[in-house]
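Just start-v8.tsv here, TSV, N, CA and C atoms:
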```tsv
chain	number	residue	atom	x	y	z
A	283	MET	N	-12.92	133.35	-62.33
A	283	MET	CA	-14.11	132.98	-61.59
A	283	MET	C	-13.68	132.08	-60.44
A	284	ALA	N	-14.09	132.42	-59.25
A	284	ALA	CA	-13.76	131.64	-58.06
A	284	ALA	C	-14.71	130.46	-57.93
A	285	LYS	N	-14.34	129.51	-57.11
A	285	LYS	CA	-15.19	128.34	-56.87
A	285	LYS	C	-15.77	128.43	-55.47
A	286	ASP	N	-17.04	128.00	-55.35
A	286	ASP	CA	-17.65	127.95	-54.03
A	286	ASP	C	-17.28	126.65	-53.35
A	287	GLN	N	-17.83	126.39	-52.18
A	287	GLN	CA	-17.48	125.21	-51.40
A	287	GLN	C	-17.82	123.90	-52.10
A	288	TYR	N	-18.68	123.94	-53.10
A	288	TYR	CA	-19.08	122.74	-53.84
A	288	TYR	C	-18.36	122.60	-55.17
A	289	GLY	N	-17.47	123.53	-55.47
A	289	GLY	CA	-16.71	123.46	-56.70
A	289	GLY	C	-17.35	124.14	-57.89
A	290	TYR	N	-18.47	124.83	-57.66
A	290	TYR	CA	-19.13	125.55	-58.74
A	290	TYR	C	-18.51	126.92	-58.90
A	291	GLY	N	-18.55	127.42	-60.11
A	291	GLY	CA	-18.01	128.75	-60.37
A	291	GLY	C	-18.89	129.83	-59.76
A	292	VAL	N	-18.25	130.76	-59.09
A	292	VAL	CA	-18.95	131.89	-58.47
A	292	VAL	C	-18.34	133.16	-59.03
A	293	GLU	N	-19.19	134.00	-59.59
A	293	GLU	CA	-18.72	135.24	-60.17
A	293	GLU	C	-18.21	136.18	-59.08
A	294	GLN	N	-17.00	136.66	-59.27
A	294	GLN	CA	-16.42	137.61	-58.33
A	294	GLN	C	-16.81	139.02	-58.76
A	295	LEU	N	-17.30	139.79	-57.82
A	295	LEU	CA	-17.68	141.17	-58.12
A	295	LEU	C	-16.63	142.11	-57.54
A	296	SER	N	-16.35	143.17	-58.27
A	296	SER	CA	-15.45	144.19	-57.76
A	296	SER	C	-16.18	144.99	-56.69
A	297	GLU	N	-15.46	145.77	-55.95
A	297	GLU	CA	-16.06	146.61	-54.91
A	297	GLU	C	-17.10	147.56	-55.52
A	298	ALA	N	-16.78	148.12	-56.68
A	298	ALA	CA	-17.71	149.03	-57.35
A	298	ALA	C	-18.99	148.30	-57.77
A	299	GLN	N	-18.84	147.06	-58.25
A	299	GLN	CA	-20.01	146.27	-58.65
A	299	GLN	C	-20.86	145.91	-57.43
A	300	ARG	N	-20.22	145.56	-56.33
A	300	ARG	CA	-20.96	145.25	-55.09
A	300	ARG	C	-21.71	146.48	-54.59
A	301	THR	N	-21.07	147.63	-54.65
A	301	THR	CA	-21.71	148.88	-54.22
A	301	THR	C	-22.90	149.21	-55.11
A	302	ALA	N	-22.74	149.07	-56.43
A	302	ALA	CA	-23.83	149.35	-57.37
A	302	ALA	C	-25.00	148.38	-57.14
A	303	LYS	N	-24.70	147.13	-56.89
A	303	LYS	CA	-25.76	146.14	-56.64
A	303	LYS	C	-26.50	146.47	-55.36
A	304	LYS	N	-25.76	146.81	-54.29
A	304	LYS	CA	-26.40	147.16	-53.02
A	304	LYS	C	-27.28	148.38	-53.20
A	305	MET	N	-26.80	149.36	-53.94
A	305	MET	CA	-27.58	150.57	-54.17
A	305	MET	C	-28.86	150.23	-54.93
A	306	ALA	N	-28.78	149.38	-55.95
A	306	ALA	CA	-29.96	149.01	-56.72
A	306	ALA	C	-30.96	148.25	-55.87
A	307	VAL	N	-30.48	147.34	-55.03
A	307	VAL	CA	-31.38	146.57	-54.16
A	307	VAL	C	-32.04	147.48	-53.13
A	308	ASP	N	-31.29	148.43	-52.58
A	308	ASP	CA	-31.87	149.38	-51.63
A	308	ASP	C	-32.95	150.22	-52.30
A	309	HIS	N	-32.69	150.67	-53.53
A	309	HIS	CA	-33.68	151.45	-54.27
A	309	HIS	C	-34.91	150.59	-54.57
A	310	LEU	N	-34.67	149.32	-54.87
A	310	LEU	CA	-35.79	148.41	-55.14
A	310	LEU	C	-36.68	148.28	-53.91
A	311	TYR	N	-36.07	148.20	-52.73
A	311	TYR	CA	-36.86	148.12	-51.49
A	311	TYR	C	-37.77	149.34	-51.36
A	312	VAL	N	-37.20	150.53	-51.54
A	312	VAL	CA	-37.98	151.77	-51.41
A	312	VAL	C	-39.07	151.80	-52.47
A	313	TRP	N	-38.74	151.44	-53.70
A	313	TRP	CA	-39.71	151.43	-54.79
A	313	TRP	C	-40.87	150.49	-54.47
A	314	ASN	N	-40.53	149.28	-54.06
A	314	ASN	CA	-41.57	148.29	-53.72
A	314	ASN	C	-42.46	148.79	-52.60
A	315	ARG	N	-41.88	149.41	-51.64
A	315	ARG	CA	-42.63	149.85	-50.46
A	315	ARG	C	-43.49	151.06	-50.75
A	316	LEU	N	-42.92	152.06	-51.41
A	316	LEU	CA	-43.63	153.33	-51.56
A	316	LEU	C	-44.43	153.46	-52.85
A	317	VAL	N	-43.94	152.91	-53.95
A	317	VAL	CA	-44.63	153.08	-55.22
A	317	VAL	C	-45.57	151.91	-55.49
A	318	GLU	N	-45.06	150.71	-55.31
A	318	GLU	CA	-45.87	149.53	-55.64
A	318	GLU	C	-46.67	149.00	-54.46
A	319	ASN	N	-46.40	149.52	-53.28
A	319	ASN	CA	-47.13	149.13	-52.07
A	319	ASN	C	-47.13	147.61	-51.87
A	320	LYS	N	-45.97	146.99	-52.11
A	320	LYS	CA	-45.85	145.55	-51.92
A	320	LYS	C	-45.88	145.22	-50.44
A	321	GLY	N	-46.36	144.06	-50.14
A	321	GLY	CA	-46.38	143.56	-48.77
A	321	GLY	C	-45.03	143.00	-48.37
A	322	PRO	N	-44.90	142.63	-47.10
A	322	PRO	CA	-43.61	142.13	-46.59
A	322	PRO	C	-43.09	140.90	-47.34
A	323	ILE	N	-43.98	140.01	-47.75
A	323	ILE	CA	-43.52	138.80	-48.45
A	323	ILE	C	-42.95	139.15	-49.82
A	324	GLY	N	-43.62	140.02	-50.56
A	324	GLY	CA	-43.12	140.44	-51.87
A	324	GLY	C	-41.81	141.18	-51.77
A	325	ILE	N	-41.70	142.04	-50.77
A	325	ILE	CA	-40.46	142.79	-50.56
A	325	ILE	C	-39.32	141.85	-50.22
A	326	LYS	N	-39.56	140.91	-49.31
A	326	LYS	CA	-38.53	139.95	-48.89
A	326	LYS	C	-38.08	139.10	-50.08
A	327	LYS	N	-39.04	138.65	-50.90
A	327	LYS	CA	-38.72	137.84	-52.09
A	327	LYS	C	-37.81	138.62	-53.02
A	328	ASP	N	-38.15	139.88	-53.26
A	328	ASP	CA	-37.33	140.70	-54.16
A	328	ASP	C	-35.94	140.96	-53.58
A	329	GLN	N	-35.83	141.09	-52.28
A	329	GLN	CA	-34.52	141.32	-51.67
A	329	GLN	C	-33.66	140.06	-51.75
A	330	GLN	N	-34.26	138.90	-51.57
A	330	GLN	CA	-33.49	137.66	-51.58
A	330	GLN	C	-33.02	137.30	-52.99
A	331	ASP	N	-33.80	137.61	-54.00
A	331	ASP	CA	-33.44	137.33	-55.38
A	331	ASP	C	-33.79	138.55	-56.23
A	332	ALA	N	-32.97	139.57	-56.12
A	332	ALA	CA	-33.28	140.86	-56.72
A	332	ALA	C	-33.04	140.93	-58.22
A	333	ASP	N	-32.16	140.09	-58.75
A	333	ASP	CA	-31.76	140.22	-60.16
A	333	ASP	C	-32.94	140.18	-61.13
A	334	PRO	N	-33.85	139.21	-61.03
A	334	PRO	CA	-34.96	139.21	-62.01
A	334	PRO	C	-35.83	140.47	-61.91
A	335	ARG	N	-36.08	140.93	-60.70
A	335	ARG	CA	-36.91	142.12	-60.51
A	335	ARG	C	-36.20	143.36	-61.03
A	336	LEU	N	-34.90	143.45	-60.79
A	336	LEU	CA	-34.15	144.60	-61.28
A	336	LEU	C	-34.10	144.61	-62.81
A	337	ARG	N	-33.95	143.43	-63.42
A	337	ARG	CA	-33.97	143.36	-64.89
A	337	ARG	C	-35.32	143.84	-65.42
A	338	GLU	N	-36.38	143.49	-64.71
A	338	GLU	CA	-37.72	143.92	-65.11
A	338	GLU	C	-37.86	145.44	-65.01
A	339	LEU	N	-37.31	146.02	-63.96
A	339	LEU	CA	-37.48	147.46	-63.72
A	339	LEU	C	-36.55	148.34	-64.55
A	340	VAL	N	-35.55	147.73	-65.20
A	340	VAL	CA	-34.67	148.52	-66.06
A	340	VAL	C	-35.47	149.21	-67.16
A	341	GLY	N	-36.58	148.61	-67.58
A	341	GLY	CA	-37.43	149.21	-68.60
A	341	GLY	C	-38.44	150.20	-68.06
A	342	ASN	N	-38.46	150.40	-66.75
A	342	ASN	CA	-39.41	151.31	-66.13
A	342	ASN	C	-38.75	152.68	-65.97
A	343	GLU	N	-39.22	153.66	-66.74
A	343	GLU	CA	-38.61	154.98	-66.73
A	343	GLU	C	-38.64	155.62	-65.33
A	344	GLY	N	-39.74	155.45	-64.62
A	344	GLY	CA	-39.85	156.03	-63.28
A	344	GLY	C	-38.82	155.46	-62.33
A	345	PHE	N	-38.64	154.14	-62.34
A	345	PHE	CA	-37.64	153.52	-61.47
A	345	PHE	C	-36.24	153.97	-61.84
A	346	MET	N	-35.95	154.01	-63.14
A	346	MET	CA	-34.62	154.42	-63.57
A	346	MET	C	-34.34	155.88	-63.20
A	347	ASN	N	-35.35	156.75	-63.29
A	347	ASN	CA	-35.16	158.14	-62.86
A	347	ASN	C	-34.85	158.18	-61.37
A	348	PHE	N	-35.57	157.38	-60.59
A	348	PHE	CA	-35.34	157.31	-59.15
A	348	PHE	C	-33.94	156.79	-58.85
A	349	LEU	N	-33.56	155.70	-59.48
A	349	LEU	CA	-32.24	155.09	-59.24
A	349	LEU	C	-31.11	156.03	-59.64
A	350	ASN	N	-31.25	156.70	-60.76
A	350	ASN	CA	-30.16	157.53	-61.30
A	350	ASN	C	-30.14	158.95	-60.77
A	351	SER	N	-31.16	159.37	-60.04
A	351	SER	CA	-31.16	160.72	-59.48
A	351	SER	C	-30.01	160.87	-58.49
A	352	LYS	N	-29.38	162.02	-58.54
A	352	LYS	CA	-28.19	162.24	-57.70
A	352	LYS	C	-28.50	162.95	-56.39
A	353	SER	N	-29.56	163.72	-56.35
A	353	SER	CA	-29.84	164.48	-55.13
A	353	SER	C	-31.09	163.97	-54.43
A	354	MET	N	-31.19	164.30	-53.18
A	354	MET	CA	-32.36	163.91	-52.38
A	354	MET	C	-33.63	164.48	-53.02
A	355	GLU	N	-33.59	165.73	-53.42
A	355	GLU	CA	-34.76	166.36	-54.00
A	355	GLU	C	-35.19	165.67	-55.29
A	356	ASP	N	-34.20	165.31	-56.13
A	356	ASP	CA	-34.51	164.63	-57.38
A	356	ASP	C	-35.10	163.24	-57.13
A	357	LYS	N	-34.59	162.54	-56.14
A	357	LYS	CA	-35.13	161.22	-55.80
A	357	LYS	C	-36.57	161.34	-55.30
A	358	MET	N	-36.81	162.33	-54.47
A	358	MET	CA	-38.16	162.54	-53.95
A	358	MET	C	-39.11	162.89	-55.10
A	359	MET	N	-38.67	163.74	-56.01
A	359	MET	CA	-39.50	164.12	-57.15
A	359	MET	C	-39.77	162.90	-58.03
A	360	ALA	N	-38.76	162.07	-58.26
A	360	ALA	CA	-38.94	160.87	-59.09
A	360	ALA	C	-39.97	159.93	-58.46
A	361	LEU	N	-39.92	159.78	-57.15
A	361	LEU	CA	-40.90	158.92	-56.47
A	361	LEU	C	-42.30	159.50	-56.59
A	362	ARG	N	-42.43	160.79	-56.36
A	362	ARG	CA	-43.75	161.42	-56.45
A	362	ARG	C	-44.28	161.39	-57.89
A	363	ASP	N	-43.39	161.59	-58.88
A	363	ASP	CA	-43.81	161.52	-60.28
A	363	ASP	C	-44.25	160.11	-60.66
A	364	ALA	N	-43.63	159.12	-60.04
A	364	ALA	CA	-43.96	157.73	-60.35
A	364	ALA	C	-45.26	157.30	-59.68
A	365	GLY	N	-45.77	158.13	-58.81
A	365	GLY	CA	-47.03	157.80	-58.16
A	365	GLY	C	-46.84	157.17	-56.80
A	366	ILE	N	-46.05	157.82	-55.97
A	366	ILE	CA	-45.85	157.31	-54.62
A	366	ILE	C	-47.22	156.99	-54.03
A	367	ASN	N	-47.30	155.86	-53.41
A	367	ASN	CA	-48.57	155.36	-52.89
A	367	ASN	C	-49.21	156.39	-51.98
A	368	GLY	N	-50.47	156.70	-52.23
A	368	GLY	CA	-51.20	157.70	-51.45
A	368	GLY	C	-51.27	157.37	-49.98
A	369	SER	N	-51.29	156.09	-49.65
A	369	SER	CA	-51.38	155.72	-48.23
A	369	SER	C	-50.08	156.03	-47.49
A	370	ALA	N	-48.99	156.18	-48.25
A	370	ALA	CA	-47.74	156.52	-47.58
A	370	ALA	C	-47.86	157.92	-46.98
A	371	GLY	N	-48.52	158.84	-47.70
A	371	GLY	CA	-48.82	160.18	-47.21
A	371	GLY	C	-47.68	160.85	-46.48
A	372	MET	N	-46.49	160.76	-47.00
A	372	MET	CA	-45.32	161.30	-46.32
A	372	MET	C	-45.10	162.76	-46.68
A	373	ALA	N	-44.85	163.54	-45.67
A	373	ALA	CA	-44.41	164.91	-45.90
A	373	ALA	C	-42.97	164.83	-46.41
A	374	ASP	N	-42.49	165.92	-47.00
A	374	ASP	CA	-41.12	165.93	-47.53
A	374	ASP	C	-40.10	165.53	-46.48
A	375	GLU	N	-40.25	166.02	-45.28
A	375	GLU	CA	-39.29	165.70	-44.22
A	375	GLU	C	-39.29	164.20	-43.90
A	376	ASP	N	-40.47	163.61	-43.83
A	376	ASP	CA	-40.58	162.18	-43.55
A	376	ASP	C	-40.00	161.35	-44.69
A	377	LEU	N	-40.29	161.75	-45.91
A	377	LEU	CA	-39.77	161.03	-47.07
A	377	LEU	C	-38.25	161.14	-47.12
A	378	ALA	N	-37.72	162.31	-46.85
A	378	ALA	CA	-36.26	162.49	-46.84
A	378	ALA	C	-35.62	161.60	-45.79
A	379	GLN	N	-36.22	161.55	-44.62
A	379	GLN	CA	-35.68	160.71	-43.55
A	379	GLN	C	-35.76	159.24	-43.93
A	380	PHE	N	-36.86	158.83	-44.56
A	380	PHE	CA	-37.01	157.44	-45.02
A	380	PHE	C	-35.92	157.10	-46.02
A	381	LEU	N	-35.67	158.00	-46.97
A	381	LEU	CA	-34.64	157.76	-47.98
A	381	LEU	C	-33.26	157.69	-47.35
A	382	MET	N	-32.97	158.58	-46.44
A	382	MET	CA	-31.65	158.56	-45.79
A	382	MET	C	-31.45	157.28	-44.99
A	383	THR	N	-32.51	156.74	-44.46
A	383	THR	CA	-32.41	155.52	-43.67
A	383	THR	C	-32.27	154.29	-44.57
A	384	HIS	N	-32.96	154.28	-45.70
A	384	HIS	CA	-33.00	153.07	-46.51
A	384	HIS	C	-32.10	153.06	-47.74
A	385	ILE	N	-31.68	154.21	-48.22
A	385	ILE	CA	-30.78	154.24	-49.38
A	385	ILE	C	-29.64	155.24	-49.18
A	386	PRO	N	-28.98	155.23	-48.03
A	386	PRO	CA	-27.92	156.23	-47.81
A	386	PRO	C	-26.81	156.14	-48.84
A	387	ILE	N	-26.51	154.94	-49.30
A	387	ILE	CA	-25.44	154.80	-50.28
A	387	ILE	C	-25.83	155.42	-51.62
A	388	GLY	N	-27.13	155.54	-51.87
A	388	GLY	CA	-27.59	156.19	-53.10
A	388	GLY	C	-27.55	157.70	-53.02
A	389	LEU	N	-27.38	158.21	-51.81
A	389	LEU	CA	-27.36	159.66	-51.63
A	389	LEU	C	-25.94	160.18	-51.46
A	390	THR	N	-25.10	159.37	-50.86
A	390	THR	CA	-23.71	159.73	-50.65
A	390	THR	C	-22.93	158.46	-50.43
A	391	GLU	N	-21.67	158.46	-50.81
A	391	GLU	CA	-20.88	157.25	-50.60
A	391	GLU	C	-20.37	157.15	-49.17
A	392	ASP	N	-20.63	158.15	-48.35
A	392	ASP	CA	-20.22	158.13	-46.96
A	392	ASP	C	-21.23	157.31	-46.16
A	393	LYS	N	-20.86	156.11	-45.76
A	393	LYS	CA	-21.76	155.22	-45.05
A	393	LYS	C	-22.16	155.77	-43.68
A	394	LYS	N	-21.40	156.71	-43.16
A	394	LYS	CA	-21.72	157.31	-41.87
A	394	LYS	C	-23.04	158.06	-41.92
A	395	VAL	N	-23.38	158.61	-43.08
A	395	VAL	CA	-24.62	159.36	-43.24
A	395	VAL	C	-25.81	158.45	-42.97
A	396	GLY	N	-25.82	157.27	-43.57
A	396	GLY	CA	-26.91	156.32	-43.35
A	396	GLY	C	-26.97	155.85	-41.92
A	397	ASN	N	-25.82	155.58	-41.33
A	397	ASN	CA	-25.80	155.14	-39.93
A	397	ASN	C	-26.34	156.23	-39.02
A	398	GLU	N	-25.99	157.46	-39.30
A	398	GLU	CA	-26.47	158.59	-38.50
A	398	GLU	C	-27.98	158.76	-38.66
A	399	ALA	N	-28.47	158.63	-39.89
A	399	ALA	CA	-29.91	158.74	-40.13
A	399	ALA	C	-30.67	157.64	-39.39
A	400	GLN	N	-30.14	156.43	-39.42
A	400	GLN	CA	-30.79	155.33	-38.71
A	400	GLN	C	-30.79	155.57	-37.21
A	401	ARG	N	-29.69	156.12	-36.68
A	401	ARG	CA	-29.62	156.42	-35.25
A	401	ARG	C	-30.66	157.47	-34.87
A	402	ILE	N	-30.84	158.47	-35.71
A	402	ILE	CA	-31.83	159.53	-35.44
A	402	ILE	C	-33.23	158.94	-35.43
A	403	VAL	N	-33.54	158.09	-36.41
A	403	VAL	CA	-34.85	157.46	-36.48
A	403	VAL	C	-35.12	156.61	-35.23
A	404	GLU	N	-34.13	155.84	-34.83
A	404	GLU	CA	-34.28	154.99	-33.64
A	404	GLU	C	-34.48	155.83	-32.38
A	405	ASN	N	-33.80	156.94	-32.28
A	405	ASN	CA	-33.93	157.81	-31.11
A	405	ASN	C	-35.30	158.49	-31.06
A	406	GLN	N	-35.92	158.68	-32.23
A	406	GLN	CA	-37.22	159.34	-32.27
A	406	GLN	C	-38.35	158.38	-31.89
A	407	LYS	N	-38.09	157.09	-31.92
A	407	LYS	CA	-39.13	156.10	-31.59
A	407	LYS	C	-39.34	155.98	-30.11
```
Give the structure from the file, written as structure tokens.
Amino acid sequence: MAKDQYGYGVEQLSEAQRTAKKMAVDHLYVWNRLVENKGPIGIKKDQQDADPRLRELVGNEGFMNFLNSKSMEDKMMALRDAGINGSAGMADEDLAQFLMTHIPIGLTEDKKVGNEAQRIVENQK
């Protein structure tokens, strides 16, 4: 265990653990936004301190199906099965683009995919 600037122990995470945590937090953002329809303050709170919220959602079958789905289609189906918020009203193409922009690491380990999706979204605005 490494020490921080104040001499307290700080848990060191492996690259795989950091990647898994980032993927879970990204999925949490999408879940909060599309399924639970959380506002900006709730989303920001969960992003800043994601561990308690993620521990809570481990027992949620819908979230776990979404997190563990390997393909874009399966992730979209998991969101729709969980009750994607009706106000989101996203067509499949819009939902796919949203997922590629917000959880690219959950779709592929190639970070270029997410960067490319974000560039496309920005160019469309």
One-decimal distance in Å that lies between atom CA of A:Val307 and atom CA of A:Gln329: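 These two atoms are separated by 6.6 Å.
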Shortest interatomic distance to A:Glu343 - which of A:Glu375, A:Asp363, A:Glu297, A:Asp308, counting only C-alpha atoms: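 That would be A:Asp363, the residue with the smallest distance to A:Glu343.
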Counting all atoms listed in the file, the option among A:Lys357, A:Leu336, A:Gln294, A:Gly341 closest to A:Leu310: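 Going through A:Lys357, A:Leu336, A:Gln294, A:Gly341 one by one, the smallest distance to A:Leu310 is for A:Leu336.
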Interatomic distance, atom CA of A:Gln299 to atom C of A:Leu349 (Å, one decimal):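 Separation of atom CA of A:Gln299 and atom C of A:Leu349: 14.8 Å.
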Any chance you could model N, CA, C and O atoms for stretch 370-384 of chain A and send them as a compact mmCIF listing (two decimals), in the coordinates of the input?
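Written file, result00.txt:
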```txt
# COMPACT_ATOMS: atom_id res chain seq x y z
N ALA A 370 -48.99 156.18 -48.25
CA ALA A 370 -47.74 156.52 -47.58
C ALA A 370 -47.86 157.92 -46.98
O ALA A 370 -47.39 158.16 -45.88
N GLY A 371 -48.52 158.84 -47.70
CA GLY A 371 -48.82 160.18 -47.21
C GLY A 371 -47.68 160.85 -46.48
O GLY A 371 -47.88 161.45 -45.44
N MET A 372 -46.49 160.76 -47.00
CA MET A 372 -45.32 161.30 -46.32
C MET A 372 -45.10 162.76 -46.68
O MET A 372 -45.13 163.12 -47.86
N ALA A 373 -44.85 163.54 -45.67
CA ALA A 373 -44.41 164.91 -45.90
C ALA A 373 -42.97 164.83 -46.41
O ALA A 373 -42.30 163.80 -46.28
N ASP A 374 -42.49 165.92 -47.00
CA ASP A 374 -41.12 165.93 -47.53
C ASP A 374 -40.10 165.53 -46.48
O ASP A 374 -39.18 164.76 -46.78
N GLU A 375 -40.25 166.02 -45.28
CA GLU A 375 -39.29 165.70 -44.22
C GLU A 375 -39.29 164.20 -43.90
O GLU A 375 -38.24 163.59 -43.75
N ASP A 376 -40.47 163.61 -43.83
CA ASP A 376 -40.58 162.18 -43.55
C ASP A 376 -40.00 161.35 -44.69
O ASP A 376 -39.32 160.35 -44.46
N LEU A 377 -40.29 161.75 -45.91
CA LEU A 377 -39.77 161.03 -47.07
C LEU A 377 -38.25 161.14 -47.12
O LEU A 377 -37.57 160.14 -47.37
N ALA A 378 -37.72 162.31 -46.85
CA ALA A 378 -36.26 162.49 -46.84
C ALA A 378 -35.62 161.60 -45.79
O ALA A 378 -34.60 160.95 -46.04
N GLN A 379 -36.22 161.55 -44.62
CA GLN A 379 -35.68 160.71 -43.55
C GLN A 379 -35.76 159.24 -43.93
O GLN A 379 -34.82 158.48 -43.69
N PHE A 380 -36.86 158.83 -44.56
CA PHE A 380 -37.01 157.44 -45.02
C PHE A 380 -35.92 157.10 -46.02
O PHE A 380 -35.30 156.03 -45.95
N LEU A 381 -35.67 158.00 -46.97
CA LEU A 381 -34.64 157.76 -47.98
C LEU A 381 -33.26 157.69 -47.35
O LEU A 381 -32.46 156.82 -47.71
N MET A 382 -32.97 158.58 -46.44
CA MET A 382 -31.65 158.56 -45.79
C MET A 382 -31.45 157.28 -44.99
O MET A 382 -30.33 156.78 -44.88
N THR A 383 -32.51 156.74 -44.46
CA THR A 383 -32.41 155.52 -43.67
C THR A 383 -32.27 154.29 -44.57
O THR A 383 -31.52 153.38 -44.25
N HIS A 384 -32.96 154.28 -45.70
CA HIS A 384 -33.00 153.07 -46.51
C HIS A 384 -32.10 153.06 -47.74
O HIS A 384 -31.80 151.99 -48.27
```
